[in-house]
$ cat protein29.cif   # mmCIF, C-alpha atoms and all ligand atoms
data_data
loop_
_atom_site.label_atom_id
_atom_site.label_comp_id
_atom_site.auth_asym_id
_atom_site.auth_seq_id
_atom_site.Cartn_x
_atom_site.Cartn_y
_atom_site.Cartn_z
CA MET A 1 47.51 10.73 37.20
CA THR A 2 45.14 13.69 37.47
CA ARG A 3 43.86 15.44 34.40
CA SER A 4 46.10 18.46 34.96
CA GLU A 5 49.14 16.25 35.44
CA PHE A 6 48.34 14.47 32.21
CA GLN A 7 47.99 17.79 30.39
CA ARG A 8 51.22 19.14 31.81
CA ARG A 9 53.11 15.99 30.95
CA PHE A 10 51.98 16.03 27.31
CA GLY A 11 51.89 19.78 26.82
CA ILE A 12 48.16 19.98 26.26
CA VAL A 13 46.98 23.45 27.23
CA GLY A 14 43.27 24.15 27.68
CA GLU A 15 40.65 24.32 30.41
CA SER A 16 37.54 24.63 28.27
CA LEU A 17 34.90 21.96 28.89
CA GLU A 18 35.65 20.59 25.43
CA MET A 19 39.35 20.16 26.20
CA GLN A 20 38.63 18.69 29.63
CA GLU A 21 36.39 16.08 28.04
CA ILE A 22 38.95 15.28 25.37
CA VAL A 23 41.69 14.79 27.94
CA GLN A 24 39.46 12.48 29.96
CA VAL A 25 38.83 10.37 26.88
CA LEU A 26 42.58 10.33 26.16
CA GLN A 27 43.31 9.13 29.66
CA HIS A 28 40.86 6.27 29.17
CA VAL A 29 41.87 5.13 25.72
CA ALA A 30 45.63 5.72 25.85
CA PRO A 31 46.53 2.60 27.89
CA THR A 32 44.47 0.31 25.63
CA ASP A 33 45.25 -0.86 22.10
CA ILE A 34 42.10 0.68 20.67
CA THR A 35 42.37 2.39 17.29
CA VAL A 36 41.70 6.10 17.65
CA LEU A 37 40.53 8.50 14.98
CA ILE A 38 41.38 12.14 15.65
CA THR A 39 39.47 14.74 13.66
CA GLY A 40 39.45 18.51 13.56
CA GLU A 41 40.43 21.49 11.43
CA SER A 42 44.02 22.15 10.55
CA GLY A 43 46.11 23.34 13.49
CA VAL A 44 43.73 22.29 16.29
CA GLY A 45 46.27 19.93 17.86
CA LYS A 46 45.66 16.51 16.31
CA GLU A 47 49.34 15.66 16.35
CA VAL A 48 49.71 16.81 19.96
CA VAL A 49 46.88 14.46 20.91
CA ALA A 50 48.37 11.55 18.96
CA HIS A 51 51.66 11.97 20.82
CA ALA A 52 49.84 12.04 24.14
CA ILE A 53 48.01 8.79 23.34
CA HIS A 54 51.23 7.05 22.42
CA GLY A 55 53.14 8.60 25.30
CA ALA A 56 50.60 7.49 27.88
CA SER A 57 50.40 3.94 26.51
CA SER A 58 52.42 0.88 27.46
CA ARG A 59 54.05 1.22 24.03
CA SER A 60 55.67 4.55 24.89
CA LYS A 61 59.15 3.00 25.08
CA LYS A 62 58.77 1.86 21.48
CA ALA A 63 58.54 4.10 18.45
CA MET A 64 55.61 6.06 17.18
CA VAL A 65 56.01 6.06 13.41
CA THR A 66 54.27 9.03 11.80
CA VAL A 67 53.13 8.66 8.21
CA ASN A 68 51.66 11.53 6.26
CA CYS A 69 49.38 9.66 3.86
CA GLY A 70 48.83 12.78 1.77
CA ALA A 71 52.53 13.26 1.11
CA ILE A 72 53.34 9.85 -0.37
CA PRO A 73 52.80 9.41 -4.13
CA GLU A 74 50.00 6.93 -4.85
CA GLY A 75 52.26 4.66 -6.84
CA ILE A 76 54.56 3.84 -3.92
CA ILE A 77 52.24 4.17 -0.94
CA GLU A 78 51.70 0.41 -0.54
CA SER A 79 55.36 -0.39 -0.67
CA GLU A 80 55.99 2.42 1.85
CA LEU A 81 53.33 1.17 4.24
CA PHE A 82 53.68 -2.58 3.86
CA GLY A 83 57.19 -2.96 2.48
CA HIS A 84 58.26 -4.95 -0.56
CA GLU A 85 60.22 -8.02 -1.59
CA LYS A 86 63.36 -7.87 -3.68
CA GLY A 87 62.52 -7.60 -7.39
CA SER A 88 58.82 -6.98 -6.78
CA PHE A 89 58.93 -3.97 -9.11
CA THR A 90 61.48 -2.09 -11.19
CA GLY A 91 63.88 -0.46 -8.80
CA ALA A 92 63.14 -2.80 -5.89
CA SER A 93 66.74 -3.97 -5.73
CA SER A 94 66.44 -5.21 -2.17
CA GLU A 95 63.69 -6.12 0.23
CA ARG A 96 62.39 -3.33 2.40
CA LYS A 97 60.35 -3.09 5.57
CA GLY A 98 57.28 -0.90 5.46
CA TYR A 99 56.16 1.56 8.14
CA PHE A 100 53.88 -0.99 9.77
CA GLU A 101 56.81 -3.36 10.32
CA LEU A 102 58.98 -0.50 11.56
CA ALA A 103 56.29 0.36 14.09
CA ASP A 104 56.01 -3.23 15.34
CA GLY A 105 55.48 -3.21 19.08
CA GLY A 106 54.79 0.51 19.00
CA THR A 107 52.31 2.90 17.40
CA ILE A 108 51.71 4.00 13.85
CA PHE A 109 50.22 7.46 13.37
CA LEU A 110 48.51 7.71 9.99
CA ASP A 111 48.07 11.41 9.42
CA GLU A 112 45.72 12.66 6.69
CA ILE A 113 44.08 9.26 6.51
CA GLY A 114 41.45 10.71 4.16
CA GLU A 115 44.15 10.79 1.47
CA LEU A 116 44.67 7.03 1.48
CA PRO A 117 43.85 5.59 -1.99
CA LEU A 118 40.81 3.27 -2.07
CA ALA A 119 42.88 0.21 -3.02
CA THR A 120 45.17 0.77 -0.03
CA GLN A 121 42.20 1.27 2.28
CA VAL A 122 41.20 -2.40 1.84
CA LYS A 123 44.66 -3.53 2.92
CA PHE A 124 44.67 -1.13 5.82
CA LEU A 125 41.31 -2.48 6.98
CA ARG A 126 42.77 -5.99 6.98
CA ILE A 127 45.60 -4.89 9.27
CA LEU A 128 43.10 -3.30 11.61
CA GLU A 129 41.03 -6.47 11.75
CA ASN A 130 43.73 -9.05 12.31
CA GLY A 131 47.14 -7.39 12.14
CA GLU A 132 47.92 -9.13 8.84
CA PHE A 133 49.38 -7.68 5.68
CA LEU A 134 51.32 -8.64 2.58
CA ARG A 135 54.52 -7.00 1.48
CA VAL A 136 54.32 -5.85 -2.14
CA GLY A 137 55.43 -8.80 -4.28
CA SER A 138 54.84 -11.38 -1.58
CA SER A 139 52.00 -13.81 -1.05
CA THR A 140 52.96 -14.70 2.50
CA ALA A 141 50.94 -12.90 5.12
CA ARG A 142 52.94 -11.24 7.87
CA LYS A 143 51.70 -10.12 11.23
CA VAL A 144 52.51 -7.03 13.23
CA ASP A 145 51.55 -5.82 16.66
CA VAL A 146 50.84 -2.16 16.02
CA ARG A 147 48.54 0.33 17.64
CA VAL A 148 46.93 2.58 15.06
CA ILE A 149 46.13 6.25 15.49
CA ALA A 150 44.66 8.03 12.48
CA ALA A 151 43.93 11.70 11.91
CA THR A 152 42.21 13.84 9.33
CA ASN A 153 40.88 17.34 8.82
CA LYS A 154 38.50 16.06 6.17
CA ASP A 155 34.88 15.19 6.86
CA LEU A 156 35.20 11.42 6.37
CA GLU A 157 31.44 10.92 6.30
CA ASN A 158 31.36 13.22 3.32
CA GLU A 159 34.24 11.33 1.75
CA VAL A 160 32.27 8.10 2.18
CA ARG A 161 29.26 9.70 0.52
CA SER A 162 31.31 10.85 -2.44
CA GLY A 163 32.91 7.43 -2.81
CA ASN A 164 36.44 8.40 -1.79
CA PHE A 165 36.49 6.53 1.47
CA ARG A 166 35.31 3.00 2.24
CA GLN A 167 32.32 2.86 4.51
CA ASP A 168 33.48 -0.28 6.34
CA LEU A 169 36.81 1.37 7.13
CA PHE A 170 35.06 4.53 8.26
CA TYR A 171 32.86 2.56 10.68
CA ARG A 172 35.87 0.66 11.96
CA LEU A 173 37.83 3.86 12.54
CA ARG A 174 35.20 6.02 14.10
CA SER A 175 34.49 3.72 17.06
CA VAL A 176 36.72 5.98 19.12
CA ASN A 177 36.70 9.41 17.55
CA VAL A 178 38.41 12.29 19.32
CA ARG A 179 36.96 15.40 17.72
CA ILE A 180 38.94 18.51 18.55
CA PRO A 181 36.84 21.66 18.19
CA ALA A 182 38.19 24.71 16.37
CA LEU A 183 39.81 27.29 18.63
CA ARG A 184 36.96 29.75 18.01
CA GLU A 185 34.59 27.20 19.55
CA ARG A 186 36.57 27.15 22.81
CA LYS A 187 37.54 30.76 23.31
CA GLU A 188 38.42 30.22 26.98
CA ASP A 189 41.54 28.40 25.84
CA ILE A 190 42.86 31.38 23.89
CA PRO A 191 44.39 33.33 26.82
CA LEU A 192 45.92 30.15 28.24
CA LEU A 193 47.49 29.17 24.95
CA PHE A 194 48.60 32.75 24.41
CA ALA A 195 50.35 32.76 27.79
CA LYS A 196 51.99 29.41 27.08
CA PHE A 197 53.40 30.56 23.75
CA VAL A 198 54.55 33.89 25.20
CA GLU A 199 56.43 31.99 27.88
CA GLU A 200 57.91 29.59 25.36
CA PHE A 201 59.11 32.22 22.89
CA SER A 202 60.26 34.81 25.38
CA ALA A 203 62.41 32.21 27.09
CA LYS A 204 63.76 30.94 23.77
CA ASN A 205 64.58 34.35 22.32
CA GLY A 206 65.37 36.23 25.52
CA ILE A 207 62.62 38.78 24.80
CA ARG A 208 60.38 40.27 27.46
CA PHE A 209 56.65 40.49 26.74
CA GLY A 210 55.42 44.03 27.43
CA GLY A 211 51.79 43.09 28.17
CA MET A 212 48.63 44.23 26.42
CA THR A 213 45.46 46.22 26.97
CA ALA A 214 42.05 44.71 27.73
CA ALA A 215 40.90 45.69 24.23
CA ALA A 216 43.81 43.75 22.77
CA GLU A 217 42.88 40.69 24.79
CA GLU A 218 39.29 40.99 23.67
CA LEU A 219 40.37 41.16 20.04
CA LEU A 220 42.37 37.95 20.44
CA GLN A 221 39.31 36.26 21.90
CA GLN A 222 36.92 37.42 19.20
CA TYR A 223 39.20 36.73 16.24
CA TYR A 224 38.21 33.82 13.96
CA TRP A 225 41.54 31.92 14.13
CA HIS A 226 41.23 30.23 10.73
CA GLY A 227 44.49 28.39 11.41
CA ASN A 228 43.54 27.55 15.00
CA VAL A 229 46.26 26.98 17.62
CA ARG A 230 49.00 26.94 15.00
CA GLU A 231 47.99 30.42 13.84
CA LEU A 232 47.89 31.69 17.42
CA ARG A 233 51.36 30.31 17.99
CA ASN A 234 52.69 32.01 14.86
CA VAL A 235 51.04 35.31 15.76
CA VAL A 236 52.61 35.25 19.23
CA GLU A 237 56.00 34.47 17.79
CA SER A 238 56.03 37.26 15.19
CA MET A 239 54.53 39.71 17.65
CA LEU A 240 57.13 39.05 20.30
CA VAL A 241 60.00 39.34 17.90
CA LEU A 242 58.76 42.44 16.09
CA GLU A 243 57.29 44.41 19.00
CA ARG A 244 60.16 43.70 21.40
CA GLY A 245 58.79 44.38 24.86
CA ARG A 246 56.34 47.11 23.83
CA SER A 247 52.98 47.17 25.56
CA LEU A 248 50.38 46.26 22.95
CA ASP A 249 47.03 47.77 22.09
CA ALA A 250 44.33 46.20 19.89
CA GLU A 251 45.68 48.20 16.93
CA ASP A 252 49.12 46.66 17.34
CA ILE A 253 47.65 43.18 17.39
CA ARG A 254 45.37 43.74 14.42
CA LYS A 255 48.43 43.95 12.20
CA TYR A 256 49.16 40.30 12.82
CA LEU A 257 45.65 39.00 12.16
CA ARG A 258 44.10 38.05 8.86
CA MET A 259 41.21 40.47 8.60
CA PRO A 260 39.51 42.33 5.80
CA ALA A 261 41.23 45.71 5.39
CA GLU A 262 38.32 47.86 6.55
CA GLU A 263 38.07 45.91 9.82
CA ARG A 264 41.75 46.40 10.36
CA ASN A 265 41.26 50.16 10.07
CA LEU A 266 44.01 50.35 7.52
CA PRO A 267 43.61 52.24 4.29
CA MET A 268 41.51 50.02 2.05
CA LEU A 269 44.11 49.70 -0.62
CA VAL A 270 47.04 48.21 1.23
CA THR A 271 45.86 44.91 -0.13
CA LYS A 272 45.71 44.31 -3.82
CA GLN A 273 43.71 41.12 -3.59
CA ASN A 274 41.05 40.65 -6.19
CA ASP A 275 38.00 40.57 -4.00
CA PHE A 276 39.02 43.68 -2.13
CA ASP A 277 39.64 45.43 -5.41
CA GLU A 278 36.30 44.35 -6.65
CA ARG A 279 34.56 45.58 -3.54
CA GLN A 280 36.46 48.84 -3.72
CA LEU A 281 35.32 49.33 -7.26
CA LEU A 282 31.76 48.66 -6.19
CA TYR A 283 31.97 51.16 -3.33
CA ARG A 284 33.33 53.78 -5.66
CA ALA A 285 30.63 53.02 -8.17
CA LEU A 286 28.02 53.47 -5.46
CA ILE A 287 29.47 56.82 -4.42
CA GLU A 288 29.58 57.87 -8.05
CA LEU A 289 26.00 56.69 -8.39
CA LYS A 290 24.96 58.77 -5.44
CA ASN A 291 26.66 61.83 -6.92
CA ASP A 292 24.95 61.24 -10.24
CA MET A 293 21.60 60.94 -8.54
CA LEU A 294 22.25 64.25 -6.78
CA GLU A 295 23.19 65.80 -10.09
CA VAL A 296 20.03 64.49 -11.71
CA LYS A 297 18.02 65.73 -8.77
CA ASN A 298 19.52 69.20 -9.13
CA LEU A 299 18.94 69.06 -12.84
CA LEU A 300 15.31 68.18 -12.28
CA LYS A 301 15.05 70.95 -9.74
CA GLY A 302 16.32 73.37 -12.35
CA VAL A 303 13.84 72.09 -14.92
CA LEU A 304 10.92 71.97 -12.50
CA GLY A 305 11.69 75.15 -10.66
CA ALA A 306 12.48 75.45 -6.96
CA ASN A 307 8.99 74.41 -5.82
CA GLY A 308 9.22 71.19 -7.90
CA ALA A 309 5.90 71.13 -9.70
CA PRO A 310 4.99 67.51 -10.35
CA GLY A 311 4.23 65.95 -13.70
CA LEU A 312 6.73 68.00 -15.66
CA VAL A 313 9.67 65.64 -15.96
CA PRO A 314 11.02 65.76 -19.49
CA ALA A 315 11.11 62.28 -21.06
CA GLY A 316 14.93 62.31 -21.44
CA GLN A 317 15.59 62.84 -17.72
CA SER A 318 13.67 59.89 -16.42
CA SER A 319 15.68 57.52 -18.61
CA ALA A 320 18.86 59.12 -17.24
CA VAL A 321 17.78 58.11 -13.72
CA GLN A 322 17.27 54.55 -14.85
CA GLU A 323 20.62 54.43 -16.54
CA THR A 324 22.53 55.39 -13.40
CA LEU A 325 20.96 52.43 -11.62
CA SER A 326 23.06 49.89 -13.48
CA LEU A 327 26.23 49.33 -11.47
CA THR A 328 27.88 47.37 -14.24
CA GLU A 329 27.30 50.21 -16.62
CA MET A 330 28.70 52.64 -14.04
CA GLU A 331 31.77 50.55 -13.65
CA ARG A 332 32.26 50.24 -17.39
CA ARG A 333 32.00 53.99 -17.83
CA MET A 334 34.41 54.74 -15.02
CA ILE A 335 36.97 52.46 -16.58
CA GLU A 336 36.35 53.87 -20.02
CA ASN A 337 36.78 57.43 -18.75
CA ALA A 338 39.95 56.63 -16.87
CA LEU A 339 41.46 54.93 -19.90
CA LYS A 340 40.54 57.89 -22.09
CA LYS A 341 41.95 60.34 -19.57
CA TYR A 342 45.29 58.57 -19.45
CA HIS A 343 45.44 57.70 -23.16
CA ASN A 344 45.09 53.99 -22.46
CA ASN A 345 47.94 53.95 -19.97
CA ARG A 346 46.67 51.12 -17.80
CA ARG A 347 48.91 51.74 -14.84
CA LEU A 348 47.78 55.34 -14.50
CA ALA A 349 44.16 54.40 -15.13
CA ALA A 350 44.34 51.68 -12.47
CA ASP A 351 45.87 54.17 -10.04
CA GLU A 352 43.07 56.62 -10.68
CA LEU A 353 40.46 53.90 -10.19
CA GLN A 354 42.35 52.64 -7.16
CA ILE A 355 42.34 49.07 -8.36
CA SER A 356 45.17 46.77 -9.32
CA GLU A 357 46.36 46.59 -12.90
CA ARG A 358 45.48 42.90 -12.90
CA THR A 359 41.86 43.69 -12.05
CA LEU A 360 41.74 46.50 -14.59
CA TYR A 361 43.08 44.18 -17.27
CA ARG A 362 40.38 41.65 -16.42
CA LYS A 363 37.66 44.29 -16.51
CA ILE A 364 38.87 45.63 -19.87
CA LYS A 365 38.56 42.16 -21.34
CA GLU A 366 35.21 41.62 -19.62
CA TYR A 367 33.73 44.81 -21.04
CA GLY A 368 35.52 44.51 -24.36
CA LEU A 369 37.08 47.96 -24.01
N1 LIG A 401 46.10 22.11 23.27
C1 LIG A 401 47.31 22.53 22.87
N2 LIG A 401 48.22 22.90 23.78
C2 LIG A 401 49.43 23.33 23.40
N3 LIG A 401 49.84 23.44 22.15
C3 LIG A 401 48.98 23.10 21.19
C4 LIG A 401 47.67 22.61 21.50
N4 LIG A 401 47.05 22.34 20.35
C5 LIG A 401 47.90 22.63 19.38
N5 LIG A 401 49.08 23.08 19.85
C6 LIG A 401 50.23 23.54 19.05
O1 LIG A 401 49.70 24.08 17.85
C7 LIG A 401 50.46 23.66 16.73
C8 LIG A 401 49.58 22.85 15.78
O2 LIG A 401 49.21 21.64 16.39
P1 LIG A 401 49.18 20.25 15.58
O3 LIG A 401 50.35 20.15 14.66
O4 LIG A 401 49.01 19.17 16.56
O5 LIG A 401 47.85 20.49 14.73
P2 LIG A 401 47.14 19.51 13.70
O6 LIG A 401 45.72 19.42 14.10
O7 LIG A 401 47.91 18.25 13.59
O8 LIG A 401 47.23 20.35 12.35
P3 LIG A 401 47.25 19.81 10.81
O9 LIG A 401 45.86 19.34 10.49
O10 LIG A 401 47.57 21.04 10.03
O11 LIG A 401 48.28 18.75 10.73
C9 LIG A 401 51.63 22.88 17.28
O12 LIG A 401 52.71 23.77 17.42
C10 LIG A 401 51.14 22.41 18.61
O13 LIG A 401 52.20 22.25 19.52
MG MG A 402 48.98 17.40 12.02
#
$ encode --input "protein29.cif" --output "structure tokens"
Amino acid sequence: MTRSEFQRRFGIVGESLEMQEIVQVLQHVAPTDITVLITGESGVGKEVVAHAIHGASSRSKKAMVTVNCGAIPEGIIESELFGHEKGSFTGASSERKGYFELADGGTIFLDEIGELPLATQVKFLRILENGEFLRVGSSTARKVDVRVIAATNKDLENEVRSGNFRQDLFYRLRSVNVRIPALRERKEDIPLLFAKFVEEFSAKNGIRFGGMTAAAEELLQQYYWHGNVRELRNVVESMLVLERGRSLDAEDIRKYLRMPAEERNLPMLVTKQNDFDERQLLYRALIELKNDMLEVKNLLKGVLGANGAPGLVPAGQSSAVQETLSLTEMERRMIENALKKYHNNRRLAADELQISERTLYRKIKEYGL
């Protein structure tokens, strides 16, 4: 099977060098029983890759059991993974097969492997080494024939360093590590993925895509894509549904991207998030500061005369200049004035200051007003 055939068969879109290399590795490792560790940020396609590995293996006719290690409470994770015997703990009214047994002959996909508790990691390592495990409440070792694929968006090396992940298990897992780069590190894949999702959603919803300008395309390429391919997919879906066949400009697309307000060219205050509010307050303080400086300058001009004879600054004025330099003080005064003006009505004061009431409340406490 050629690389493109493999990609088409398993729905892996991407022609960047990084993706090409990944697919080549997948083609090599898939038919073997080698344990594969897939790493990468959230939404880069770890699950897609896991499915491709299983699908291209000789186990593809058997099940791939997916286990989200981060979603199972610590107390029951061992019984979930390895099963338990009847009466092994309160509530164990009958024996139960664990995921490893259910995956016998097939593949187990351990997602969020970084969340596996340390005690369970030892038992997992044993399965990797010789396929043996104990059901909870049993002392008889059982054997399974399972191919293991693990994935994480955590930096496991870091986890080892901080004592949350066993080093021996880490070494065992990383022998074949498929690292999927973030979407922003393989920008060439963006238009291809965009086209794929447009096709998928327009067919599904019977909506025509009205196309977009070059500037819009450029914006999509330069965007940070915090949520990687998943975010791109979501953006395409909402855009198609909400814009319904309209031709799109960069401005139209900006609305769907997570960007600071000023970059989005929207009025600064559409968002009431704390950090934006804080920044807004700072900007306003700076403008106020500039105005004060101008005032002081004019004042000095008046005192010194139009030609500005040096050496005649009255003592009081120079301290006024210093005072305006403290931003915190500026901010405190602005808040104080606004509260006075609106007789302590916080909502009106916050409106005047163009900050949220929550931020104002915090600042009032901070400054003891
Ligand atoms: N190369 C790709 N080609 C086509 N679709 C992709 C590709 N990569 C990811 N996707 C799509 O993006 C979405 C997210 O992918 P996936 O669930 O595999 O990410 P993940 O890395 O497992 O994320 P998480 O860490 O949050 O679990 C899915 O809808 C998937 O189909
Ligand atoms: Mg996933």
$ atom_distance --input "protein29.cif" --atom1 "atom CA of Asp189 of chain A" --atom2 "atom CA of Glu157 of chain A"
28.1 Å
$ residues_near_ligand --input "protein29.cif" --ligand "ligand MG 402 (chain A)" --cutoff "9 Å" --atoms "only C-alpha atoms and all ligand atoms" --output "list in words"
Ser42, Gly43, Val44, Gly45, Lys46, Glu47, Val48, Asn68, Asp111, Glu112, Ala151, Thr152 and Asn153 of chain A
$ residues_near_ligand --input "protein29.cif" --ligand "ligand LIG 401 (chain A)" --cutoff "10 Å" --atoms "only C-alpha atoms and all ligand atoms" --output "ChimeraX atom specification"
/A:7-8,10-15,19,23,38-51,68,111-112,151-154,180,182-183,189-190,192-194,196-197,227-234
$ closest_atom_pairs --input "protein29.cif" --of "segment 27-73 of chain A" --to "segment 126-147 of chain A" --cutoff "10 Å" --atoms "all atoms listed in the file" --output "Markdown table"
| residue | atom | partner | partner_atom | distance |
| --- | --- | --- | --- | --- |
| A:Thr32 | CA | A:Arg147 | CA | 9.0 |
| A:Asp33 | CA | A:Arg147 | CA | 5.7 |
| A:Ile34 | CA | A:Arg147 | CA | 7.1 |
| A:Thr35 | CA | A:Arg147 | CA | 6.5 |
| A:Val36 | CA | A:Arg147 | CA | 8.9 |
| A:His54 | CA | A:Arg147 | CA | 8.7 |
| A:Ser57 | CA | A:Arg147 | CA | 9.8 |
| A:Arg59 | CA | A:Arg147 | CA | 8.5 |
| A:Met64 | CA | A:Arg147 | CA | 9.1 |
$ atom_distance --input "protein29.cif" --atom1 "atom CA of Val198 of chain A" --atom2 "atom CA of Arg3 of chain A"
23.2 Å
$ atom_distance --input "protein29.cif" --atom1 "atom CA of Leu37 of chain A" --atom2 "atom CA of Leu110 of chain A"
9.4 Å
$ closest_residue --input "protein29.cif" --among "A:Lys365, A:Gly114, A:Ala216, A:Asn337" --to "Gly70 of chain A" --atoms "only C-alpha atoms"
A:Gly114
$ closest_residue --input "protein29.cif" --among "A:Gln222, A:Arg96, A:Gly210, A:Gly55" --to "Leu240 of chain A" --atoms "all atoms listed in the file"
A:Gly210
$ build_atoms --input "protein29.cif" --residues "segment 6-23 of chain A" --atoms "N, CA and C atoms" --output "CSV table (one decimal), in the coordinates of the input"
chain,number,residue,atom,x,y,z
A,6,PHE,N,48.3,15.0,33.6
A,6,PHE,CA,48.3,14.5,32.2
A,6,PHE,C,48.6,15.6,31.2
A,7,GLN,N,47.8,16.7,31.3
A,7,GLN,CA,48.0,17.8,30.4
A,7,GLN,C,49.4,18.4,30.4
A,8,ARG,N,49.9,18.6,31.7
A,8,ARG,CA,51.2,19.1,31.8
A,8,ARG,C,52.3,18.2,31.2
A,9,ARG,N,52.1,16.9,31.5
A,9,ARG,CA,53.1,16.0,31.0
A,9,ARG,C,53.2,16.0,29.4
A,10,PHE,N,52.0,16.1,28.8
A,10,PHE,CA,52.0,16.0,27.3
A,10,PHE,C,51.8,17.4,26.6
A,11,GLY,N,51.9,18.4,27.4
A,11,GLY,CA,51.9,19.8,26.8
A,11,GLY,C,50.6,20.1,26.2
A,12,ILE,N,49.5,19.6,26.8
A,12,ILE,CA,48.2,20.0,26.3
A,12,ILE,C,47.6,21.1,27.1
A,13,VAL,N,47.5,22.3,26.5
A,13,VAL,CA,47.0,23.4,27.2
A,13,VAL,C,45.5,23.6,26.9
A,14,GLY,N,44.7,23.9,27.9
A,14,GLY,CA,43.3,24.2,27.7
A,14,GLY,C,42.4,23.7,28.9
A,15,GLU,N,41.5,24.6,29.3
A,15,GLU,CA,40.6,24.3,30.4
A,15,GLU,C,39.2,24.4,30.0
A,16,SER,N,38.9,24.6,28.7
A,16,SER,CA,37.5,24.6,28.3
A,16,SER,C,36.9,23.3,28.5
A,17,LEU,N,35.6,23.2,28.7
A,17,LEU,CA,34.9,22.0,28.9
A,17,LEU,C,35.3,21.0,27.8
A,18,GLU,N,35.3,21.5,26.6
A,18,GLU,CA,35.6,20.6,25.4
A,18,GLU,C,37.0,19.9,25.6
A,19,MET,N,38.0,20.7,26.0
A,19,MET,CA,39.4,20.2,26.2
A,19,MET,C,39.4,19.2,27.4
A,20,GLN,N,38.7,19.6,28.5
A,20,GLN,CA,38.6,18.7,29.6
A,20,GLN,C,38.1,17.3,29.3
A,21,GLU,N,37.0,17.4,28.5
A,21,GLU,CA,36.4,16.1,28.0
A,21,GLU,C,37.4,15.3,27.2
A,22,ILE,N,38.0,16.0,26.3
A,22,ILE,CA,39.0,15.3,25.4
A,22,ILE,C,40.0,14.6,26.2
A,23,VAL,N,40.6,15.3,27.1
A,23,VAL,CA,41.7,14.8,27.9
A,23,VAL,C,41.2,13.6,28.7
